[in-house]
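One structure below.
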Amino acid sequence: FNPTTTMSGRSAAAPPLLLRPFYVGEDAKEPLPVVLPSRVQSIAANASRIAAFLGEGGELYVGGTRRTPFHKPLPVACPEPLVQVACGCNTVIAVGVSGCAYTGDMWKSSGKPLTPVPGLANVIAVAAGSAEEFLAALDCDHNVYVWGQGVIAGSPTPERVEFPAGVCVQSLFCGGDHIGVIDSNNRVYLWGQNNNQVLGVGSTESVVYEPTLLPSSERGLACVSLACGKDLTFAIANDGHLWGWGFGKHNLLTDVRSGKSGEQQIVRSNTLRRTPVKFESLTALQTVSVGANHAAVVTSDGFLYVWGFNERGKAGDHSVNQDVSPTKIKAASQVEQTACGGSFTLFACR
């Protein structure tokens with residue numbers, strides 16, 4: 001699934017977990033509620049301004065358009081209730097209860113109903129590029145389809161991606177102009193634009209056109225979730241630790257560790273990381289999201305940590321520092337989901 005669209009992980013038969021959405025950023029240094037008529041099933045954001053919310057009955061609300069700010073979303077019509085949503089550059093893509101996929105341009109034609117994507121059926125997950133306008137979908141037969149713009153989407157209509165024999169894709173994630181998937185053996189495959197070694201697959205090529213196994217997967221790194229940004233990629237391992245690779249500008253690959261005498265030491269990493277590096281301080285994680293230049297994780301006990309470029313208070317720590325290391329948002333508890341935008345951080349609580 002996309003790092004900016006966190007699903008509950010429950011079966012289709014289980015009732016959705018209904019959550020209260022909040023945000024920090026846009027000069028709000030304390031969590032403020034998103035203005036909605038009901039609780040939500042899930043939240044999503046792109047790396048700039050657009051945010052999307054699925055209401056109690058699968059209805060869609062979108063903000064950050066010409067019509068309304070991101071924290072005051074308005075309803076967008078869809079032919080059926082939705083079960084998942086993702087935000088691209090200007091596009092929202094969603095999955096209906098029937099398995100149909102729907103899209104809509106939220107900037108040029110804000111407020112118009114979503115329309116079906118031709119040629120797709122039995123879709124179980126969708127994702128969207130945050131730098132180039134490309135879209136991706138995963139169906140119940142584990143087929144991945146990509147379309148739109150960018151180096152990995154050469155068609156305006158969905159085209160199936162070929163994987164090595166035996167690969168069974170379980171989840172799907174999109175970055176600025178690259179894609180990552182996790183297979184049934186918790187191995188990671190990536191392809192697309194490889195600026196700043198964002199793919200981490202050991203290639204020196206600027207573009208990798210075919211899904212390529214992350215070498216760390218061969219060496220035992222088993223992953224359960226990804227968050228793909230423009231210049232770096234994060235992964236949550238099956239032991240709950242966070243790993244990251246690519247270019248860690250704004251301290252995005254910064255860790256905080258305890259020194260020999262117990263004091264905290266900030267381990268900074270504003271340099272290129274060609275292979276995954278482990279965050280020793282972030283453990284027991286359940287989800288991760290990355291925006292344009294900041295990131296957020298939710299722990300299994302419901303706490304939210306944010307770090308990176310602290311533009312307009314989106315790290316929620318009241319500091320005046322532009323670059324912050326992983327910081328716990330003290331006012332946020334019982335958090336289930338998070339989604340990073342351009343200058344804001346969304347999260348949803350029980």
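To be explicit about the labels: the chains of the structure tokens are called A, B, and onward in the order shown, and within each one the residues are counted from 1, while ligands get numbers from 1 in the order they are shown.
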
Polymer residues at most 6 Å from A:Gly308, only C-alpha atoms, same-chain spacing of 2 or more positions, as a PyMOL selection string: chain A and resi 250-252+294+323-324

Selection file, N, CA, C and O atoms, as a compact mmCIF listing (two decimals), in the first residue's frame:
```
# COMPACT_ATOMS: atom_id res chain seq x y z
N HIS A 250 17.90 16.89 5.32
CA HIS A 250 17.12 17.33 6.47
C HIS A 250 17.11 16.28 7.59
O HIS A 250 16.13 16.14 8.33
N ASN A 251 18.21 15.53 7.69
CA ASN A 251 18.35 14.52 8.75
C ASN A 251 17.32 13.40 8.67
O ASN A 251 16.99 12.76 9.67
N LEU A 252 16.80 13.14 7.48
CA LEU A 252 15.81 12.07 7.36
C LEU A 252 16.39 10.69 7.63
O LEU A 252 15.65 9.76 7.94
N HIS A 294 9.92 15.27 5.14
CA HIS A 294 9.84 14.81 6.52
C HIS A 294 9.17 13.45 6.54
O HIS A 294 8.62 12.99 5.53
N ASP A 323 15.74 21.32 11.07
CA ASP A 323 15.91 19.89 10.91
C ASP A 323 15.85 19.23 12.29
O ASP A 323 16.61 19.59 13.19
N VAL A 324 14.95 18.27 12.46
CA VAL A 324 14.80 17.62 13.75
C VAL A 324 15.00 16.11 13.59
O VAL A 324 14.69 15.53 12.55
```

All residues 12 Å or closer to A:Gly220, only C-alpha atoms, same chain fewer than 6 positions away omitted, as a VMD selection string: chain A and resid 185 to 188 214 237 to 239

Just-selected residues, N, CA, C and O atoms written as an mmCIF file, in the first residue's frame:
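In the end it all went to again16.cif:
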```cif
data_model
loop_
_atom_site.group_PDB
_atom_site.id
_atom_site.type_symbol
_atom_site.label_atom_id
_atom_site.label_comp_id
_atom_site.auth_asym_id
_atom_site.auth_seq_id
_atom_site.Cartn_x
_atom_site.Cartn_y
_atom_site.Cartn_z
ATOM 1 N N ASN A 185 7.121 -13.595 0.535
ATOM 2 C CA ASN A 185 8.245 -13.980 1.385
ATOM 3 C C ASN A 185 8.886 -12.776 2.069
ATOM 4 O O ASN A 185 10.012 -12.871 2.568
ATOM 5 N N ASN A 186 8.171 -11.645 2.082
ATOM 6 C CA ASN A 186 8.643 -10.400 2.707
ATOM 7 C C ASN A 186 9.898 -9.850 2.051
ATOM 8 O O ASN A 186 10.671 -9.123 2.682
ATOM 9 N N ARG A 187 10.099 -10.187 0.783
ATOM 10 C CA ARG A 187 11.205 -9.621 0.013
ATOM 11 C C ARG A 187 10.725 -8.380 -0.735
ATOM 12 O O ARG A 187 9.570 -8.297 -1.138
ATOM 13 N N VAL A 188 11.656 -7.431 -0.930
ATOM 14 C CA VAL A 188 11.333 -6.149 -1.553
ATOM 15 C C VAL A 188 11.888 -6.092 -2.972
ATOM 16 O O VAL A 188 13.060 -6.429 -3.198
ATOM 17 N N LEU A 214 15.818 -6.197 -3.859
ATOM 18 C CA LEU A 214 16.702 -5.485 -2.944
ATOM 19 C C LEU A 214 17.728 -6.480 -2.392
ATOM 20 O O LEU A 214 17.339 -7.489 -1.790
ATOM 21 N N ALA A 237 10.892 -3.574 9.052
ATOM 22 C CA ALA A 237 11.218 -4.996 9.047
ATOM 23 C C ALA A 237 10.213 -5.769 9.896
ATOM 24 O O ALA A 237 9.453 -5.187 10.686
ATOM 25 N N ASN A 238 10.221 -7.087 9.752
ATOM 26 C CA ASN A 238 9.245 -7.890 10.496
ATOM 27 C C ASN A 238 9.506 -7.905 11.996
ATOM 28 O O ASN A 238 8.655 -8.369 12.765
ATOM 29 N N ASP A 239 10.676 -7.399 12.436
ATOM 30 C CA ASP A 239 10.925 -7.268 13.870
ATOM 31 C C ASP A 239 10.538 -5.896 14.395
ATOM 32 O O ASP A 239 10.771 -5.579 15.570
#
```

For stretch 74-87 of chain A: contacts at 8 Å, only C-alpha atoms, fewer than 6 positions along chain excluded, given as a PyMOL selection string: chain A and resi 2+4-5+7+42-46+50-54+57-63+68+93-97+102+111-115+125-128+130

Shell of 10 Å around stretch 19-32 of chain A, only C-alpha atoms, local chain residues under 5 positions omitted, as number ranges by chain: A: 38-43, 53, 55-56, 70-71, 310-319, 329-332, 334-350

Dump C-alpha atoms for the selected residues as a PDB file, in the first residue's frame?
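Contents of selection_6.pdb, as written:
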```
ATOM      1  CA  SER A  38     -17.801  11.849  10.993  1.00  0.00           C
ATOM      2  CA  ARG A  39     -14.890   9.664  11.993  1.00  0.00           C
ATOM      3  CA  VAL A  40     -12.767   8.104   9.253  1.00  0.00           C
ATOM      4  CA  GLN A  41     -11.595   4.676   8.137  1.00  0.00           C
ATOM      5  CA  SER A  42      -8.334   5.880   6.593  1.00  0.00           C
ATOM      6  CA  ILE A  43      -6.281   8.939   5.668  1.00  0.00           C
ATOM      7  CA  PHE A  53     -10.152  10.848   3.968  1.00  0.00           C
ATOM      8  CA  GLY A  55     -15.552   8.410   6.052  1.00  0.00           C
ATOM      9  CA  GLU A  56     -17.498   5.909   8.133  1.00  0.00           C
ATOM     10  CA  PHE A  70      -6.394  20.229   3.349  1.00  0.00           C
ATOM     11  CA  HIS A  71      -7.825  20.322   6.890  1.00  0.00           C
ATOM     12  CA  ASN A 310      10.318  21.226  10.466  1.00  0.00           C
ATOM     13  CA  GLU A 311       8.706  23.684   8.053  1.00  0.00           C
ATOM     14  CA  ARG A 312       5.706  25.501   9.581  1.00  0.00           C
ATOM     15  CA  GLY A 313       5.692  23.265  12.654  1.00  0.00           C
ATOM     16  CA  LYS A 314       4.864  19.985  10.912  1.00  0.00           C
ATOM     17  CA  ALA A 315       7.147  18.080  13.317  1.00  0.00           C
ATOM     18  CA  GLY A 316       4.830  19.198  16.110  1.00  0.00           C
ATOM     19  CA  ASP A 317       7.600  19.622  18.703  1.00  0.00           C
ATOM     20  CA  HIS A 318       7.386  23.417  19.263  1.00  0.00           C
ATOM     21  CA  SER A 319      11.051  23.786  18.306  1.00  0.00           C
ATOM     22  CA  ILE A 329       4.488  14.047  19.522  1.00  0.00           C
ATOM     23  CA  LYS A 330       3.447  14.197  23.162  1.00  0.00           C
ATOM     24  CA  ALA A 331      -0.113  15.333  22.465  1.00  0.00           C
ATOM     25  CA  ALA A 332      -0.798  12.349  20.184  1.00  0.00           C
ATOM     26  CA  GLN A 334      -3.703   5.889  20.488  1.00  0.00           C
ATOM     27  CA  VAL A 335      -2.531   6.713  16.965  1.00  0.00           C
ATOM     28  CA  GLU A 336      -3.325   4.122  14.284  1.00  0.00           C
ATOM     29  CA  GLN A 337      -2.393   5.849  11.008  1.00  0.00           C
ATOM     30  CA  THR A 338      -0.240   8.695   9.720  1.00  0.00           C
ATOM     31  CA  ALA A 339       0.282  10.429   6.365  1.00  0.00           C
ATOM     32  CA  CYS A 340       2.876  13.105   5.553  1.00  0.00           C
ATOM     33  CA  GLY A 341       2.058  15.998   3.249  1.00  0.00           C
ATOM     34  CA  GLY A 342       4.205  18.867   2.074  1.00  0.00           C
ATOM     35  CA  SER A 343       3.952  21.186   5.086  1.00  0.00           C
ATOM     36  CA  PHE A 344       1.712  19.136   7.385  1.00  0.00           C
ATOM     37  CA  THR A 345       1.449  15.757   9.096  1.00  0.00           C
ATOM     38  CA  LEU A 346      -1.871  13.895   9.352  1.00  0.00           C
ATOM     39  CA  PHE A 347      -2.609  11.229  11.932  1.00  0.00           C
ATOM     40  CA  ALA A 348      -5.706   9.337  13.011  1.00  0.00           C
ATOM     41  CA  CYS A 349      -6.440   8.185  16.573  1.00  0.00           C
ATOM     42  CA  ARG A 350      -8.847   5.810  18.243  1.00  0.00           C
TER      43      ARG A 350
END
```

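Between atom CA of A:Thr254 and atom CA of A:Glu205 lies a distance of 26.3 Å.
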
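With distances restricted to only C-alpha atoms, A:Leu172 is the closest residue to A:Val146 from A:Leu172, A:Leu36, A:Leu18, A:Leu253.
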
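Using only C-alpha atoms, the nearest neighbour of A:Lys278 within the list A:Cys228, A:Ile124, A:Ile236, A:Ala292 is A:Ile236.
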